[in-house]
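Read the structure below first, then the notes.
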Amino acid sequence: MMFDVIVVGGGPAGLFLACELRLAGVRPLVLERRPEPDPSDKAHGLAGQVVRLLDHRGLYERCGGRGVPAPAPGFFFGGMPLPLHELGAENPMHLLPCDQRDLERVLGERAAELGADVRRGWEVLSLAQDDDRVEVVTRGPGGVATTLTARYLVGCDGGHSMVRKAAGIAFPGVSDDHVVDRSALVGPGEHFRMLPGGRVLIDGLGEIPAHFHRTDRGVFTLLAHDPRRPLINTAEWEDHPAGSFPGPGAPMTLAEMEKSVERVLGVRLPLSPPPEGAPSMLRRLCGRNTRLADRYRAGRVFIAGDAAQVSHGPTLNLALQDAANLAWKLAAALRGQAPEGLLDSYEAERRACAERVVTHTLAATALLAPGAEVTALRRLFGELLGRTENLRLVADLMAGSDVRYDMGEERPAAPTGWFAPSLALTAGDGRPGRLAELLRDARPLLLDLTGRDALAATAAPWLDRVRHVAATAAGAPAPALLVRPDGYVAWAGADPDGLEAALTRWFGDRPRRAATPA
């Protein structure tokens, strides 16, 4: 049996890719080495336009969001507060507190609902490909090696990706061995108390910012999304302080966390474990890696998520958008509808976004380092953030909304190449709705606000692959929008010739027979 796509890795990127492929009518097989979902705490939230992507798929509320995603009034960059409320309607930052463990659970449930084949306890040992297929040798729960074949293979298997290595894709970057990061979920403390406004009162020290408190010895962070088990982080810019732990391979302990907090803050802060039965985390990371694959494709093999880029930044945000970008393009190729260069556009678009995440991560890390020169830099940077245009630039960088995709237009319309705007719509029958709700099925969408028949006639031959919806909307940036499945605007305007060019570029040549509207 030949599968359409084999996805190696059943973390958030692999599961979301499987969901997107199923929505596009593709049969993916997900192979995950771990026999059970990873119960440990890793990422603790999503930020930026990826939150709106989950809303497009109806997963925002399932991941703990409430109502319609709204921009966050504030955030941090390099430990410096960002007054995002000053940006008003131009604020691109949306936040969704959600543990990676819970995100994986939601995505796993959604993949099962859509009929994706997810197999746990299956390790991929090797792969080979030719012009027509990819073969992988796997070992399942019984320990017997099995060979599986697919038209395409995607490696979502993390920073140490076997798929990336087997495909011969280089992973250049830099390593900083001078930083030790520690994290611990603890119980409610008698010696610290959360205060309004994102601050914390610590016995023997006083009131400090909870999110980022930089000292000459490091950085302290306290996050209390769940007051029953607040998360404490420290970062120390030392070459593994003497006596701080037995060695890089030794298990992390709560006592080690206490000593690290004491070194950073200068006061002792007794810590206790979380309440019985609550998930806990004790993690130490010695050094930081920032790496970016030199390419995202090798023949019929692709990589996504941490297999393509690792850093100390928002890599989970990046991974989910990688999956959304790649899935519909693979589906078009499998149906024989992919125009020339469509699959290659995955690397061109997503690698550009990864480069910006690398910039974001390295710059934010530099602003947190100790030293008088960094203190001076932070003072100057704070003055620059006092200007709205600079605040917007940093907010766009953090939200992942500062990269415009090339849509092939000589004079692109203002919204073209950007993530689709949030629009409240009124359908032809008078019912209200939102643009996000029209993107639940991950199909290309022509949102026609012109009230005329010209665009509908132009799109008619593509109606087997592009959905056409007529509506009205207040404050729309253009008379009509052609939105790709990943949420990016491929065309905007009212010119039928421009629409036909965009439909051809992204969704294939005009079919010989016009499709019948559903």
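We name chains A, B, ... following the order of the structure tokens; residues begin at 1 in each chain, and ligands are numbered from 1 as shown.
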
Excluding Gly74 (chain A) and its own-chain neighbours fewer than 5 positions away, which residues fall within 7 Å of it when counting only C-alpha atoms? Please give them as a list of chain:residue names.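 Here the qualifying residues turn out to be A:Leu82, A:Pro83, A:Leu84, A:His85.
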
Put those residues in a file: N, CA, C and O atoms, as an mmCIF file, in the first residue's frame.
data_model
loop_
_atom_site.group_PDB
_atom_site.id
_atom_site.type_symbol
_atom_site.label_atom_id
_atom_site.label_comp_id
_atom_site.auth_asym_id
_atom_site.auth_seq_id
_atom_site.Cartn_x
_atom_site.Cartn_y
_atom_site.Cartn_z
ATOM 1 N N LEU A 82 6.316 45.957 26.325
ATOM 2 C CA LEU A 82 5.815 46.557 25.094
ATOM 3 C C LEU A 82 4.380 47.025 25.338
ATOM 4 O O LEU A 82 3.490 46.197 25.532
ATOM 5 N N PRO A 83 4.121 48.340 25.314
ATOM 6 C CA PRO A 83 2.747 48.840 25.503
ATOM 7 C C PRO A 83 1.945 48.698 24.213
ATOM 8 O O PRO A 83 1.658 49.670 23.513
ATOM 9 N N LEU A 84 1.559 47.473 23.898
ATOM 10 C CA LEU A 84 0.928 47.192 22.610
ATOM 11 C C LEU A 84 -0.431 47.873 22.456
ATOM 12 O O LEU A 84 -0.891 48.086 21.325
ATOM 13 N N HIS A 85 -1.077 48.221 23.552
ATOM 14 C CA HIS A 85 -2.371 48.898 23.459
ATOM 15 C C HIS A 85 -2.256 50.218 22.714
ATOM 16 O O HIS A 85 -3.241 50.706 22.141
#

Test item: residues at most 9 Å from region 210-215 of chain A, only C-alpha atoms, excluding those fewer than 6 positions along its chain, as a ChimeraX atom specification: /A:76,78-81,194-195,198-201,221-224,264-265,368-370

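Near Ala478 (chain A), within a cut-off of 7 Å and counting only C-alpha atoms, sit the residues Leu481, Ala492 and Gly493 of chain A, with same-chain residues fewer than 3 positions away left out.
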
Atoms to include: all heavy atoms. Write the selected residues as a PDB file, in the first residue's frame.
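Output below, filename again_12.pdb:
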ATOM      1  N   LEU A 481     -11.143  39.457  -1.851  1.00  0.00           N
ATOM      2  CA  LEU A 481      -9.906  38.841  -1.380  1.00  0.00           C
ATOM      3  C   LEU A 481      -9.888  37.382  -1.807  1.00  0.00           C
ATOM      4  O   LEU A 481     -10.879  36.667  -1.634  1.00  0.00           O
ATOM      5  CB  LEU A 481      -9.797  38.911   0.145  1.00  0.00           C
ATOM      6  CG  LEU A 481      -9.797  40.285   0.814  1.00  0.00           C
ATOM      7  CD1 LEU A 481      -9.864  40.126   2.324  1.00  0.00           C
ATOM      8  CD2 LEU A 481      -8.565  41.085   0.411  1.00  0.00           C
ATOM      9  N   ALA A 492      -6.007  40.642  -4.205  1.00  0.00           N
ATOM     10  CA  ALA A 492      -7.006  41.562  -3.677  1.00  0.00           C
ATOM     11  C   ALA A 492      -7.351  42.572  -4.758  1.00  0.00           C
ATOM     12  O   ALA A 492      -6.487  42.986  -5.535  1.00  0.00           O
ATOM     13  CB  ALA A 492      -6.482  42.271  -2.433  1.00  0.00           C
ATOM     14  N   GLY A 493      -8.619  42.951  -4.836  1.00  0.00           N
ATOM     15  CA  GLY A 493      -9.018  43.950  -5.815  1.00  0.00           C
ATOM     16  C   GLY A 493     -10.381  43.662  -6.389  1.00  0.00           C
ATOM     17  O   GLY A 493     -11.221  43.009  -5.754  1.00  0.00           O
TER      18      GLY A 493
END

In region 230-339 of chain A, what's strand (DSSP E or B) per DSSP? Answer as a ChimeraX atom specification? /A:231-236,282-292,297-298,301-303,309-310

What does the structure give for the distance between CA of Gly168 (chain A) and CA of Arg297 (chain A), in Å to one decimal?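 Rounded to one decimal, the two atoms are 9.9 Å apart.
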
Distance query His360 (chain A) at most 8 Å, only C-alpha atoms, self and fewer than 2 positions along chain excluded, as a PyMOL selection string: chain A and resi 313+356-358+362-364+397-398

Option closest in space to Val174 (chain A), from A:Ala111, A:Leu292, A:Ala250, A:Ala70 [counting only C-alpha atoms]: A:Leu292

Within 7 Å of Ala324 (chain A) using only C-alpha atoms, minus same-chain residues under 5 positions, as JSON, numbers by chain: {"A": [17, 20, 486]}

Taking the chain letters and numbering used in this document, name the residues of region 105-199 of chain A that DSSP puts in helix (DSSP H, G or I), as an NGL selection string. :A and (105-113 or 162-166)

Dump as an mmCIF file, in the first residue's frame, selection limited to all heavy atoms:
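Generated output (again-v2.cif):
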data_model
loop_
_atom_site.group_PDB
_atom_site.id
_atom_site.type_symbol
_atom_site.label_atom_id
_atom_site.label_comp_id
_atom_site.auth_asym_id
_atom_site.auth_seq_id
_atom_site.Cartn_x
_atom_site.Cartn_y
_atom_site.Cartn_z
ATOM 1 N N ARG A 105 -2.675 17.215 22.856
ATOM 2 C CA ARG A 105 -3.905 16.451 23.085
ATOM 3 C C ARG A 105 -5.023 16.914 22.147
ATOM 4 O O ARG A 105 -5.703 16.096 21.516
ATOM 5 C CB ARG A 105 -4.343 16.597 24.546
ATOM 6 C CG ARG A 105 -5.693 15.948 24.846
ATOM 7 C CD ARG A 105 -6.116 16.210 26.286
ATOM 8 N NE ARG A 105 -6.097 17.619 26.636
ATOM 9 C CZ ARG A 105 -7.044 18.487 26.287
ATOM 10 N NH1 ARG A 105 -8.087 18.077 25.559
ATOM 11 N NH2 ARG A 105 -6.966 19.749 26.653
ATOM 12 N N VAL A 106 -5.205 18.223 22.039
ATOM 13 C CA VAL A 106 -6.261 18.760 21.170
ATOM 14 C C VAL A 106 -5.999 18.382 19.718
ATOM 15 O O VAL A 106 -6.913 17.948 18.998
ATOM 16 C CB VAL A 106 -6.350 20.286 21.328
ATOM 17 C CG1 VAL A 106 -7.270 20.888 20.256
ATOM 18 C CG2 VAL A 106 -6.865 20.655 22.715
ATOM 19 N N LEU A 107 -4.757 18.519 19.275
ATOM 20 C CA LEU A 107 -4.434 18.196 17.879
ATOM 21 C C LEU A 107 -4.576 16.698 17.621
ATOM 22 O O LEU A 107 -4.994 16.284 16.533
ATOM 23 C CB LEU A 107 -3.029 18.672 17.536
ATOM 24 C CG LEU A 107 -2.821 20.194 17.543
ATOM 25 C CD1 LEU A 107 -1.369 20.539 17.232
ATOM 26 C CD2 LEU A 107 -3.751 20.881 16.548
ATOM 27 N N GLY A 108 -4.216 15.879 18.614
ATOM 28 C CA GLY A 108 -4.392 14.439 18.456
ATOM 29 C C GLY A 108 -5.859 14.066 18.338
ATOM 30 O O GLY A 108 -6.242 13.216 17.521
ATOM 31 N N GLU A 109 -6.709 14.696 19.154
ATOM 32 C CA GLU A 109 -8.144 14.435 19.074
ATOM 33 C C GLU A 109 -8.698 14.873 17.729
ATOM 34 O O GLU A 109 -9.523 14.170 17.121
ATOM 35 C CB GLU A 109 -8.856 15.173 20.206
ATOM 36 C CG GLU A 109 -8.551 14.617 21.590
ATOM 37 C CD GLU A 109 -9.082 15.501 22.706
ATOM 38 O OE1 GLU A 109 -9.581 16.615 22.395
ATOM 39 O OE2 GLU A 109 -8.985 15.089 23.885
ATOM 40 N N ARG A 110 -8.248 16.029 17.254
ATOM 41 C CA ARG A 110 -8.736 16.524 15.965
ATOM 42 C C ARG A 110 -8.279 15.630 14.821
ATOM 43 O O ARG A 110 -9.059 15.340 13.891
ATOM 44 C CB ARG A 110 -8.249 17.958 15.749
ATOM 45 C CG ARG A 110 -8.729 18.613 14.453
ATOM 46 C CD ARG A 110 -10.231 18.618 14.366
ATOM 47 N NE ARG A 110 -10.695 19.342 13.185
ATOM 48 C CZ ARG A 110 -11.856 19.131 12.595
ATOM 49 N NH1 ARG A 110 -12.684 18.200 13.079
ATOM 50 N NH2 ARG A 110 -12.221 19.831 11.538
ATOM 51 N N ALA A 111 -7.035 15.154 14.873
ATOM 52 C CA ALA A 111 -6.540 14.249 13.834
ATOM 53 C C ALA A 111 -7.371 12.972 13.792
ATOM 54 O O ALA A 111 -7.699 12.453 12.714
ATOM 55 C CB ALA A 111 -5.065 13.929 14.079
ATOM 56 N N ALA A 112 -7.735 12.452 14.965
ATOM 57 C CA ALA A 112 -8.569 11.241 15.014
ATOM 58 C C ALA A 112 -9.953 11.509 14.444
ATOM 59 O O ALA A 112 -10.517 10.678 13.718
ATOM 60 C CB ALA A 112 -8.671 10.740 16.461
ATOM 61 N N GLU A 113 -10.530 12.675 14.757
ATOM 62 C CA GLU A 113 -11.837 13.030 14.216
ATOM 63 C C GLU A 113 -11.827 13.080 12.688
ATOM 64 O O GLU A 113 -12.813 12.714 12.034
ATOM 65 C CB GLU A 113 -12.277 14.393 14.763
ATOM 66 C CG GLU A 113 -12.569 14.411 16.243
ATOM 67 C CD GLU A 113 -12.679 15.819 16.793
ATOM 68 O OE1 GLU A 113 -12.607 16.789 16.005
ATOM 69 O OE2 GLU A 113 -12.831 15.958 18.020
ATOM 70 N N MET A 162 16.129 12.830 12.293
ATOM 71 C CA MET A 162 16.713 11.775 11.493
ATOM 72 C C MET A 162 16.414 12.000 10.016
ATOM 73 O O MET A 162 17.252 11.759 9.148
ATOM 74 C CB MET A 162 16.163 10.422 11.942
ATOM 75 C CG MET A 162 16.793 9.186 11.269
ATOM 76 S SD MET A 162 16.276 8.853 9.567
ATOM 77 C CE MET A 162 14.524 8.605 9.815
ATOM 78 N N VAL A 163 15.208 12.499 9.724
ATOM 79 C CA VAL A 163 14.818 12.736 8.328
ATOM 80 C C VAL A 163 15.741 13.773 7.694
ATOM 81 O O VAL A 163 16.212 13.591 6.561
ATOM 82 C CB VAL A 163 13.349 13.187 8.261
ATOM 83 C CG1 VAL A 163 12.994 13.650 6.845
ATOM 84 C CG2 VAL A 163 12.426 12.057 8.696
ATOM 85 N N ARG A 164 15.987 14.856 8.391
ATOM 86 C CA ARG A 164 16.870 15.896 7.851
ATOM 87 C C ARG A 164 18.257 15.343 7.566
ATOM 88 O O ARG A 164 18.842 15.610 6.509
ATOM 89 C CB ARG A 164 16.960 17.068 8.837
ATOM 90 C CG ARG A 164 17.770 18.255 8.321
ATOM 91 C CD ARG A 164 18.015 19.297 9.394
ATOM 92 N NE ARG A 164 18.826 18.763 10.481
ATOM 93 C CZ ARG A 164 18.436 18.688 11.742
ATOM 94 N NH1 ARG A 164 17.252 19.109 12.084
ATOM 95 N NH2 ARG A 164 19.235 18.181 12.669
ATOM 96 N N LYS A 165 18.779 14.577 8.487
ATOM 97 C CA LYS A 165 20.119 14.024 8.310
ATOM 98 C C LYS A 165 20.152 13.023 7.160
ATOM 99 O O LYS A 165 21.065 13.042 6.332
ATOM 100 C CB LYS A 165 20.587 13.360 9.608
ATOM 101 C CG LYS A 165 20.730 14.342 10.773
ATOM 102 C CD LYS A 165 20.997 13.602 12.085
ATOM 103 C CE LYS A 165 21.063 14.563 13.254
ATOM 104 N NZ LYS A 165 21.225 13.865 14.570
ATOM 105 N N ALA A 166 19.143 12.147 7.093
ATOM 106 C CA ALA A 166 19.110 11.132 6.044
ATOM 107 C C ALA A 166 18.940 11.755 4.669
ATOM 108 O O ALA A 166 19.411 11.208 3.664
ATOM 109 C CB ALA A 166 17.980 10.141 6.313
#

What's around region 378-394 of chain A at 8 Å? Count only C-alpha atoms, leave out sequence neighbours fewer than 6 positions away in its own chain, and write the answer as an NGL selection string. :A and (77 or 80 or 82 or 84 or 86-87 or 90-91 or 367 or 402)

Mind checking which residues fall within 8 Å of Ala424 (chain A), counting only C-alpha atoms, ignoring those fewer than 3 positions away in the same chain, and posting them as a PyMOL selection string? chain A and resi 432-435+473-474

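Between CA of Gly143 (chain A) and CA of Phe16 (chain A) lies a distance of 27.5 Å.
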
Expressed in Å, the length from CA of Gln129 (chain A) to CA of Cys19 (chain A) is 24.6 Å

Using only C-alpha atoms, the shortest atom-to-atom distance to Ala354 (chain A) among A:Ala307, A:Val267, A:Ala128, A:Ala414 belongs to A:Ala307
